[in-house]
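**Student:** First the structure, which I've put down as structure tokens, then a few questions once you've had a look.
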Amino acid sequence: MNEPMILSDPKVMMGKPVVAGTRITVDLILEKLGSGESIDAVLESHPRLTRDGVLAALRFAAKALRSEVVYPLDAKSA
């Protein structure tokens with residue numbers, strides 16, 4: 001059976017979802033990609049992170065957003 005790529009443990013990064021085997025949070029990956037960094041740049045900044053880990057973070061975020069009500073941010077808070 002495949003191990004999950006994204007884990008949440010209260011003892012690691014205050015329970016934020018992280019890529020398995022790292023302390024790299026899903027929100028950090030999203031923030032970096034959202035600010036214009038390429039996947040390759042993110043991987044270079046975090047040697048323990050893999051392309052599969054980045055893609056898993058994106059899938060996790062998409063699934064989380066599908067399952068919740070999402071309110072638009074105003075321009076000031078984005």
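Residue numbers start at 1 in each chain; chains themselves are named A, B, ... in the order of the structure tokens; ligands are numbered from 1 in the order shown.
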May I have all residues of chain A that DSSP, computed from the backbone, assigns to strand (DSSP E), given as an MDAnalysis selection string?

**Tutor:** chainID A and resid 6:7 18:19

**Student:** Just the helix (DSSP H, G or I) stuff from chain A, please, per backbone DSSP, written as a PyMOL selection string.

**Tutor:** chain A and resi 13-15+26-34+39-45+51-66

**Student:** Using C-alpha atoms, can you write the selected residues to a file as an mmCIF file, in the first residue's frame?

**Tutor:**
data_model
loop_
_atom_site.group_PDB
_atom_site.id
_atom_site.type_symbol
_atom_site.label_atom_id
_atom_site.label_comp_id
_atom_site.auth_asym_id
_atom_site.auth_seq_id
_atom_site.Cartn_x
_atom_site.Cartn_y
_atom_site.Cartn_z
ATOM 1 C CA MET A 13 5.017 22.076 12.465
ATOM 2 C CA MET A 14 2.075 22.526 14.861
ATOM 3 C CA GLY A 15 -0.004 20.018 12.921
ATOM 4 C CA VAL A 26 1.864 22.644 2.050
ATOM 5 C CA ASP A 27 1.176 26.336 2.631
ATOM 6 C CA LEU A 28 4.873 27.207 2.155
ATOM 7 C CA ILE A 29 4.918 25.399 -1.178
ATOM 8 C CA LEU A 30 1.722 27.148 -2.280
ATOM 9 C CA GLU A 31 3.045 30.523 -1.182
ATOM 10 C CA LYS A 32 6.279 30.078 -3.134
ATOM 11 C CA LEU A 33 4.542 28.865 -6.283
ATOM 12 C CA GLY A 34 1.900 31.579 -5.959
ATOM 13 C CA ILE A 39 8.835 24.156 -9.137
ATOM 14 C CA ASP A 40 12.530 23.800 -9.963
ATOM 15 C CA ALA A 41 13.364 26.843 -7.821
ATOM 16 C CA VAL A 42 11.347 25.446 -4.912
ATOM 17 C CA LEU A 43 13.146 22.107 -5.261
ATOM 18 C CA GLU A 44 16.515 23.853 -5.328
ATOM 19 C CA SER A 45 15.655 25.759 -2.140
ATOM 20 C CA ARG A 51 8.727 16.966 -7.516
ATOM 21 C CA ASP A 52 6.245 14.290 -6.414
ATOM 22 C CA GLY A 53 6.034 16.037 -3.026
ATOM 23 C CA VAL A 54 5.251 19.382 -4.656
ATOM 24 C CA LEU A 55 2.591 17.796 -6.853
ATOM 25 C CA ALA A 56 1.116 16.018 -3.827
ATOM 26 C CA ALA A 57 0.903 19.372 -2.029
ATOM 27 C CA LEU A 58 -0.988 20.855 -4.971
ATOM 28 C CA ARG A 59 -3.402 17.910 -5.084
ATOM 29 C CA PHE A 60 -3.917 18.151 -1.318
ATOM 30 C CA ALA A 61 -4.706 21.873 -1.547
ATOM 31 C CA ALA A 62 -7.109 21.365 -4.456
ATOM 32 C CA LYS A 63 -8.932 18.603 -2.588
ATOM 33 C CA ALA A 64 -9.113 20.707 0.589
ATOM 34 C CA LEU A 65 -10.575 23.652 -1.306
ATOM 35 C CA ARG A 66 -13.166 21.457 -3.013
#

**Student:** Given the choices A:Glu3, A:Lys16, A:Lys11, A:Thr22, which gets closest to Thr50 in chain A if the distance is worked out from only C-alpha atoms?

**Tutor:**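 The answer is A:Thr22, which sits nearest to Thr50 in chain A.
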
**Student:** Which residues come within 6 Å of Pro17 in chain A, counting only C-alpha atoms, excluding same-chain residues fewer than 5 positions away, as a list in words?

**Tutor:**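 Listing them by chain and then by number gives Leu7, Ser8, Thr25 and Val26 of chain A.
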
**Student:** Export N, CA and C atoms of the chosen residues as a compact mmCIF listing (two decimals), in the first residue's frame?

**Tutor:**
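Written file, again33.txt:
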# COMPACT_ATOMS: atom_id res chain seq x y z
N LEU A 7 1.22 14.59 5.29
CA LEU A 7 0.91 14.16 6.65
C LEU A 7 0.62 15.36 7.54
N SER A 8 -0.17 15.12 8.57
CA SER A 8 -0.42 16.14 9.58
C SER A 8 -0.25 15.49 10.95
N THR A 25 5.88 22.64 4.77
CA THR A 25 4.43 22.70 4.82
C THR A 25 3.83 22.92 3.43
N VAL A 26 2.61 22.44 3.29
CA VAL A 26 1.86 22.64 2.05
C VAL A 26 1.69 24.14 1.80

**Student:** Counting only C-alpha atoms, figure out which residue out of A:Val69, A:Ile24, A:Val18, A:Met5 gets nearest to Pro47 in chain A.

**Tutor:**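 Nearest to Pro47 in chain A: A:Ile24.
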
**Student:** Find the residue from A:Asn2, A:Asp9, A:Ser67, A:Ser38 that sits nearest to Arg23 in chain A; use only C-alpha atoms when measuring.

**Tutor:**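 Residue with the minimum atom-to-atom distance to Arg23 in chain A: A:Asp9.
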